[in-house]
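Novice: For reference, the file run31.pdb (PDB, C-alpha atoms and all ligand atoms) is included below:
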```pdb
ATOM      1  CA  MET Y 286     136.637 115.045 331.061
ATOM      2  CA  VAL Y 287     136.345 115.683 334.786
ATOM      3  CA  ARG Y 288     135.938 112.656 336.992
ATOM      4  CA  ALA Y 289     135.106 112.977 340.690
ATOM      5  CA  VAL Y 290     135.228 110.480 343.527
ATOM      6  CA  TYR Y 291     132.778 110.724 346.436
ATOM      7  CA  PRO Y 292     134.195 108.451 349.152
ATOM      8  CA  GLY Y 293     132.479 107.397 352.350
ATOM      9  CA  SER Y 294     131.254 104.563 354.519
ATOM     10  CA  PHE Y 295     127.627 104.839 353.382
ATOM     11  CA  ASP Y 296     126.629 102.421 356.172
ATOM     12  CA  PRO Y 297     123.895 102.818 354.995
ATOM     13  CA  ILE Y 298     123.294 105.501 352.370
ATOM     14  CA  THR Y 299     120.915 108.269 353.551
ATOM     15  CA  PHE Y 300     118.880 111.042 351.942
ATOM     16  CA  GLY Y 301     121.755 113.375 352.927
ATOM     17  CA  HIS Y 302     124.256 111.400 350.819
ATOM     18  CA  LEU Y 303     121.763 111.104 347.964
ATOM     19  CA  ASP Y 304     121.159 114.841 347.934
ATOM     20  CA  ILE Y 305     124.908 115.452 347.592
ATOM     21  CA  ILE Y 306     125.101 112.918 344.741
ATOM     22  CA  LYS Y 307     122.149 114.504 342.926
ATOM     23  CA  ARG Y 308     123.735 117.955 343.184
ATOM     24  CA  LEU Y 309     127.173 116.722 342.064
ATOM     25  CA  LEU Y 310     126.025 114.875 338.986
ATOM     26  CA  PRO Y 311     125.492 117.920 336.735
ATOM     27  CA  LEU Y 312     128.965 119.219 337.655
ATOM     28  CA  TYR Y 313     131.125 116.274 336.576
ATOM     29  CA  ASP Y 314     131.365 114.002 333.568
ATOM     30  CA  GLU Y 315     131.677 110.963 335.791
ATOM     31  CA  LEU Y 316     131.034 110.447 339.477
ATOM     32  CA  ILE Y 317     132.397 107.439 341.332
ATOM     33  CA  ILE Y 318     130.816 106.625 344.677
ATOM     34  CA  LEU Y 319     133.616 104.903 346.556
ATOM     35  CA  VAL Y 320     132.398 102.646 349.337
ATOM     36  CA  ALA Y 321     135.164 102.395 351.921
ATOM     37  CA  GLN Y 322     136.133  99.124 353.495
ATOM     38  CA  SER Y 323     138.463  99.718 356.437
ATOM     39  CA  ASP Y 324     139.644  97.131 358.963
ATOM     40  CA  GLN Y 325     139.673  99.910 361.566
ATOM     41  CA  LYS Y 326     135.900 100.378 361.363
ATOM     42  CA  GLN Y 327     132.936  98.233 362.232
ATOM     43  CA  TYR Y 328     130.074  98.292 359.754
ATOM     44  CA  MET Y 329     126.512  97.063 359.907
ATOM     45  CA  PHE Y 330     126.501  96.222 356.177
ATOM     46  CA  SER Y 331     129.333  94.623 354.210
ATOM     47  CA  ALA Y 332     130.987  96.763 351.522
ATOM     48  CA  ASP Y 333     129.177  94.788 348.817
ATOM     49  CA  GLU Y 334     125.830  95.242 350.568
ATOM     50  CA  ARG Y 335     126.454  98.997 350.954
ATOM     51  CA  ALA Y 336     127.447  99.331 347.297
ATOM     52  CA  GLU Y 337     124.425  97.322 346.136
ATOM     53  CA  LEU Y 338     122.047  99.480 348.209
ATOM     54  CA  ILE Y 339     123.507 102.618 346.634
ATOM     55  CA  ARG Y 340     123.045 101.132 343.160
ATOM     56  CA  GLN Y 341     119.416 100.307 343.956
ATOM     57  CA  CYS Y 342     118.779 103.859 345.206
ATOM     58  CA  LEU Y 343     120.434 105.543 342.218
ATOM     59  CA  GLY Y 344     119.001 103.538 339.381
ATOM     60  CA  LYS Y 345     120.682 103.404 335.981
ATOM     61  CA  SER Y 346     123.067 106.128 334.864
ATOM     62  CA  ASN Y 347     126.171 105.675 332.778
ATOM     63  CA  ARG Y 348     127.799 108.667 334.506
ATOM     64  CA  VAL Y 349     127.711 107.190 338.034
ATOM     65  CA  LYS Y 350     129.747 104.221 339.164
ATOM     66  CA  VAL Y 351     129.640 102.587 342.586
ATOM     67  CA  GLU Y 352     132.705 100.695 343.777
ATOM     68  CA  ALA Y 353     133.807  99.097 347.026
ATOM     69  CA  PHE Y 354     137.435  99.829 347.879
ATOM     70  CA  SER Y 355     139.890  99.205 350.676
ATOM     71  CA  GLY Y 356     142.869 101.576 350.733
ATOM     72  CA  LEU Y 357     143.629 105.250 350.363
ATOM     73  CA  THR Y 358     141.098 107.295 348.411
ATOM     74  CA  VAL Y 359     143.933 109.166 346.676
ATOM     75  CA  ASP Y 360     145.398 105.880 345.416
ATOM     76  CA  TYR Y 361     142.041 104.944 343.946
ATOM     77  CA  ALA Y 362     141.615 108.453 342.485
ATOM     78  CA  LYS Y 363     145.060 108.349 340.838
ATOM     79  CA  ARG Y 364     144.356 104.939 339.323
ATOM     80  CA  ALA Y 365     140.942 106.036 338.070
ATOM     81  CA  ASN Y 366     142.322 109.319 336.690
ATOM     82  CA  ALA Y 367     139.969 111.327 338.906
ATOM     83  CA  GLN Y 368     140.866 114.974 339.444
ATOM     84  CA  VAL Y 369     138.480 115.683 342.312
ATOM     85  CA  ILE Y 370     137.520 114.177 345.674
ATOM     86  CA  VAL Y 371     134.189 115.425 347.009
ATOM     87  CA  ARG Y 372     133.069 115.403 350.615
ATOM     88  CA  GLY Y 373     129.921 116.681 352.265
ATOM     89  CA  LEU Y 374     129.899 119.000 355.259
ATOM     90  CA  ARG Y 375     127.004 118.994 357.721
ATOM     91  CA  ALA Y 376     128.072 121.030 360.704
ATOM     92  CA  VAL Y 377     131.086 122.491 362.492
ATOM     93  CA  ALA Y 378     131.609 119.049 364.028
ATOM     94  CA  ASP Y 379     132.579 117.697 360.584
ATOM     95  CA  TYR Y 380     134.929 120.566 359.803
ATOM     96  CA  GLU Y 381     138.201 119.679 361.551
ATOM     97  CA  TYR Y 382     138.147 116.083 360.344
ATOM     98  CA  GLU Y 383     137.377 117.086 356.757
ATOM     99  CA  GLN Y 384     140.081 119.773 356.787
ATOM    100  CA  ALA Y 385     142.713 117.359 358.127
ATOM    101  CA  MET Y 386     141.759 114.762 355.556
ATOM    102  CA  ALA Y 387     141.800 117.266 352.689
ATOM    103  CA  ASN Y 388     145.263 118.476 353.731
ATOM    104  CA  MET Y 389     146.572 114.930 354.104
ATOM    105  CA  ASN Y 390     145.215 114.037 350.681
ATOM    106  CA  ARG Y 391     146.850 117.134 349.180
ATOM    107  CA  GLN Y 392     150.141 116.056 350.757
ATOM    108  CA  LEU Y 393     149.773 112.591 349.231
ATOM    109  CA  ALA Y 394     148.425 113.715 345.860
ATOM    110  CA  PRO Y 395     148.965 117.444 345.127
ATOM    111  CA  ASN Y 396     147.146 117.276 341.799
ATOM    112  CA  ILE Y 397     143.874 116.006 343.227
ATOM    113  CA  GLU Y 398     141.566 118.704 344.591
ATOM    114  CA  THR Y 399     139.147 118.157 347.480
ATOM    115  CA  MET Y 400     135.830 119.955 347.033
ATOM    116  CA  ILE Y 401     133.483 120.396 349.981
ATOM    117  CA  VAL Y 402     129.738 120.560 349.446
ATOM    118  CA  PHE Y 403     127.517 121.957 352.182
ATOM    119  CA  CYS Y 404     124.595 119.773 352.996
ATOM    120  CA  ARG Y 405     121.064 121.117 352.736
ATOM    121  CA  PRO Y 406     119.727 122.296 356.127
ATOM    122  CA  GLU Y 407     116.969 119.684 356.167
ATOM    123  CA  TYR Y 408     119.608 116.928 356.172
ATOM    124  CA  ASN Y 409     122.199 118.381 358.492
ATOM    125  CA  TYR Y 410     121.182 116.113 361.361
ATOM    126  CA  VAL Y 411     121.047 112.967 359.204
ATOM    127  CA  SER Y 412     123.933 110.568 359.659
ATOM    128  CA  SER Y 413     124.268 106.838 359.047
ATOM    129  CA  ARG Y 414     125.128 106.412 362.732
ATOM    130  CA  LEU Y 415     121.877 108.037 363.909
ATOM    131  CA  VAL Y 416     119.865 106.192 361.263
ATOM    132  CA  LYS Y 417     121.151 102.892 362.697
ATOM    133  CA  GLU Y 418     120.347 104.069 366.232
ATOM    134  CA  VAL Y 419     116.769 104.943 365.204
ATOM    135  CA  ALA Y 420     116.422 101.613 363.363
ATOM    136  CA  LEU Y 421     117.688  99.647 366.370
ATOM    137  CA  ASN Y 422     115.049 101.293 368.528
ATOM    138  CA  GLY Y 423     112.175 100.893 366.091
ATOM    139  CA  GLY Y 424     111.758 104.577 365.149
ATOM    140  CA  SER Y 425     110.436 105.825 361.812
ATOM    141  CA  LEU Y 426     113.066 105.915 359.069
ATOM    142  CA  ASP Y 427     110.915 107.199 356.229
ATOM    143  CA  ASP Y 428     112.283 110.778 356.223
ATOM    144  CA  LEU Y 429     115.883 109.624 356.606
ATOM    145  CA  VAL Y 430     116.565 106.899 354.043
ATOM    146  CA  PRO Y 431     114.933 105.487 350.875
ATOM    147  CA  ALA Y 432     112.496 102.560 351.096
ATOM    148  CA  GLN Y 433     115.125 100.027 349.910
ATOM    149  CA  VAL Y 434     117.337 101.011 352.838
ATOM    150  CA  VAL Y 435     114.450 100.829 355.336
ATOM    151  CA  LYS Y 436     113.823  97.285 354.101
ATOM    152  CA  ALA Y 437     117.508  96.318 354.330
ATOM    153  CA  LEU Y 438     117.790  97.722 357.867
ATOM    154  CA  LYS Y 439     114.699  95.809 358.990
ATOM    155  CA  LEU Y 440     116.066  92.585 357.487
ATOM    156  CA  LYS Y 441     119.463  93.106 359.092
ATOM    157  CA  LEU Y 442     117.934  93.749 362.513
ATOM    158  CA  LYS Y 443     115.335  90.995 362.398
ATOM    159  CA  PRO Y 444     115.974  88.530 365.228
ATOM    160  CA  LYS Y 445     117.510  85.347 363.816
ATOM    161  CA  LYS Y 446     115.366  82.191 364.170
ATOM    162  CA  LYS Y 447     117.025  79.514 366.311
TER     163      LYS Y 447
HETATM  164  P1  LIG R   1     132.788 108.584 356.411
HETATM  165  O1  LIG R   1     132.910 107.437 357.380
HETATM  166  O2  LIG R   1     133.846 108.574 355.353
HETATM  167  O3  LIG R   1     132.618 109.929 357.051
HETATM  168  P2  LIG R   1     129.970 108.749 355.715
HETATM  169  O4  LIG R   1     129.156 107.779 354.937
HETATM  170  O5  LIG R   1     129.576 109.030 357.121
HETATM  171  O6  LIG R   1     131.456 108.234 355.592
HETATM  172  O7  LIG R   1     130.006 110.146 354.946
HETATM  173  C1  LIG R   1     130.496 110.253 353.634
HETATM  174  C2  LIG R   1     130.520 111.700 353.233
HETATM  175  O8  LIG R   1     129.172 112.184 353.154
HETATM  176  C3  LIG R   1     131.206 112.620 354.245
HETATM  177  O9  LIG R   1     131.841 113.658 353.533
HETATM  178  C4  LIG R   1     130.084 113.164 355.084
HETATM  179  O10 LIG R   1     130.402 114.422 355.646
HETATM  180  C5  LIG R   1     128.998 113.279 354.014
HETATM  181  N1  LIG R   1     127.667 113.199 354.623
HETATM  182  C6  LIG R   1     127.211 112.321 355.518
HETATM  183  N2  LIG R   1     125.925 112.584 355.848
HETATM  184  C7  LIG R   1     125.571 113.665 355.136
HETATM  185  C8  LIG R   1     124.377 114.467 355.037
HETATM  186  N3  LIG R   1     123.307 114.217 355.786
HETATM  187  N4  LIG R   1     124.385 115.509 354.185
HETATM  188  C9  LIG R   1     125.482 115.787 353.460
HETATM  189  N5  LIG R   1     126.643 115.107 353.521
HETATM  190  C10 LIG R   1     126.689 114.066 354.340
END
```
Please go through the file and, once you have read it, give me the structure as structure tokens.
Ligand code: ADP
Specialist:
Amino acid sequence: MVRAVYPGSFDPITFGHLDIIKRLLPLYDELIILVAQSDQKQYMFSADERAELIRQCLGKSNRVKVEAFSGLTVDYAKRANAQVIVRGLRAVADYEYEQAMANMNRQLAPNIETMIVFCRPEYNYVSSRLVKEVALNGGSLDDLVPAQVVKALKLKLKPKKK
């Protein structure tokens, strides 16, 4: 049984993330989408909101689990008996960070392998950061994120009534 962890902020999940998940699913017996909660980062959505949005986008599958987690991915992976950590790579800009993280994770947990998946060219410009920027400025989100996420972004950005 091979279990993989796909960690990330997913703030919010995009078509780029979903494409990676869809391509990973046939390769592993179980895939855990690990929604990171770090005090060092500022998020638009809470970890529970991010996890719930992912669940809504994925639908039912007993081979995918979505969990919010605060701590080191390798600690989660060890506890969950996962052998693999998967990360996506968009462009050269992602490379150095992903390499440093993979090497650090190997140092911390030599038995857990990091696998890098190249993103499809049509999604290589899609990032959660840019999605939020487009949403803040009222641009079209339809090619970037699923309808549930468009709705959640609109709700989050709606001016609060006084
Ligand atoms: P993090 O803050 O951990 O980088 P992200 O949610 O930004 O969290 O990304 C999670 C993982 O998904 C990372 O490995 C990132 O490179 C990958 N990723 C992000 N956007 C895309 C995309 N459009 N296509 C493929 N992989 C992506």
Novice: Can you turn the PyMOL selection byres (((not hetatm)) within 7 of (chain R and resi 1)) into a concrete residue list for this file, as an mmCIF file with C-alpha atoms, keeping the file's coordinate frame?
Specialist:
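Result went into out-v2.cif, see below:
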```
data_model
loop_
_atom_site.group_PDB
_atom_site.id
_atom_site.type_symbol
_atom_site.label_atom_id
_atom_site.label_comp_id
_atom_site.auth_asym_id
_atom_site.auth_seq_id
_atom_site.Cartn_x
_atom_site.Cartn_y
_atom_site.Cartn_z
ATOM 1 C CA PRO Y 292 134.195 108.451 349.152
ATOM 2 C CA GLY Y 293 132.479 107.397 352.350
ATOM 3 C CA SER Y 294 131.254 104.563 354.519
ATOM 4 C CA PHE Y 295 127.627 104.839 353.382
ATOM 5 C CA ASP Y 296 126.629 102.421 356.172
ATOM 6 C CA ILE Y 298 123.294 105.501 352.370
ATOM 7 C CA THR Y 299 120.915 108.269 353.551
ATOM 8 C CA PHE Y 300 118.880 111.042 351.942
ATOM 9 C CA GLY Y 301 121.755 113.375 352.927
ATOM 10 C CA HIS Y 302 124.256 111.400 350.819
ATOM 11 C CA ILE Y 305 124.908 115.452 347.592
ATOM 12 C CA ARG Y 372 133.069 115.403 350.615
ATOM 13 C CA GLY Y 373 129.921 116.681 352.265
ATOM 14 C CA LEU Y 374 129.899 119.000 355.259
ATOM 15 C CA ARG Y 375 127.004 118.994 357.721
ATOM 16 C CA ASP Y 379 132.579 117.697 360.584
ATOM 17 C CA PHE Y 403 127.517 121.957 352.182
ATOM 18 C CA CYS Y 404 124.595 119.773 352.996
ATOM 19 C CA ARG Y 405 121.064 121.117 352.736
ATOM 20 C CA TYR Y 408 119.608 116.928 356.172
ATOM 21 C CA ASN Y 409 122.199 118.381 358.492
ATOM 22 C CA TYR Y 410 121.182 116.113 361.361
ATOM 23 C CA VAL Y 411 121.047 112.967 359.204
ATOM 24 C CA SER Y 412 123.933 110.568 359.659
ATOM 25 C CA SER Y 413 124.268 106.838 359.047
#
```
Novice: Just how far from CA of Met386 in chain Y is CA of Val402 in chain Y, in Å to one decimal?
Specialist: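 Pair CA of Val402 in chain Y / CA of Met386 in chain Y returns 14.7 Å.
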Novice: Measuring atom to atom with only C-alpha atoms, identify which of Y:Lys441, Y:Pro406, Y:Glu383, Y:Ser346 is nearest to Ala420 in chain Y.
Specialist: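 Of the candidates, the smallest distance to Ala420 in chain Y is held by Y:Lys441.
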Novice: Rounded to one decimal, what separation in Å do you get between CA of Met389 in chain Y and CA of Ala365 in chain Y?
Specialist: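 Atom-to-atom, CA of Met389 in chain Y and CA of Ala365 in chain Y are spaced 19.2 Å apart.
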Novice: Tell me, in Å to one decimal, how far CA of Cys342 in chain Y is from CA of Arg414 in chain Y.
Specialist: 18.8 Å
Novice: Which centre and which edge lengths, in Å to one decimal, describe the axis-aligned box that holds all listed atoms of range 337-348 of chain Y after 3 Å is added on each side, as JSON?
Specialist:
```
{"center_x": 123.3, "center_y": 103.0, "center_z": 340.5, "size_x": 15.0, "size_y": 17.3, "size_z": 21.4}
```
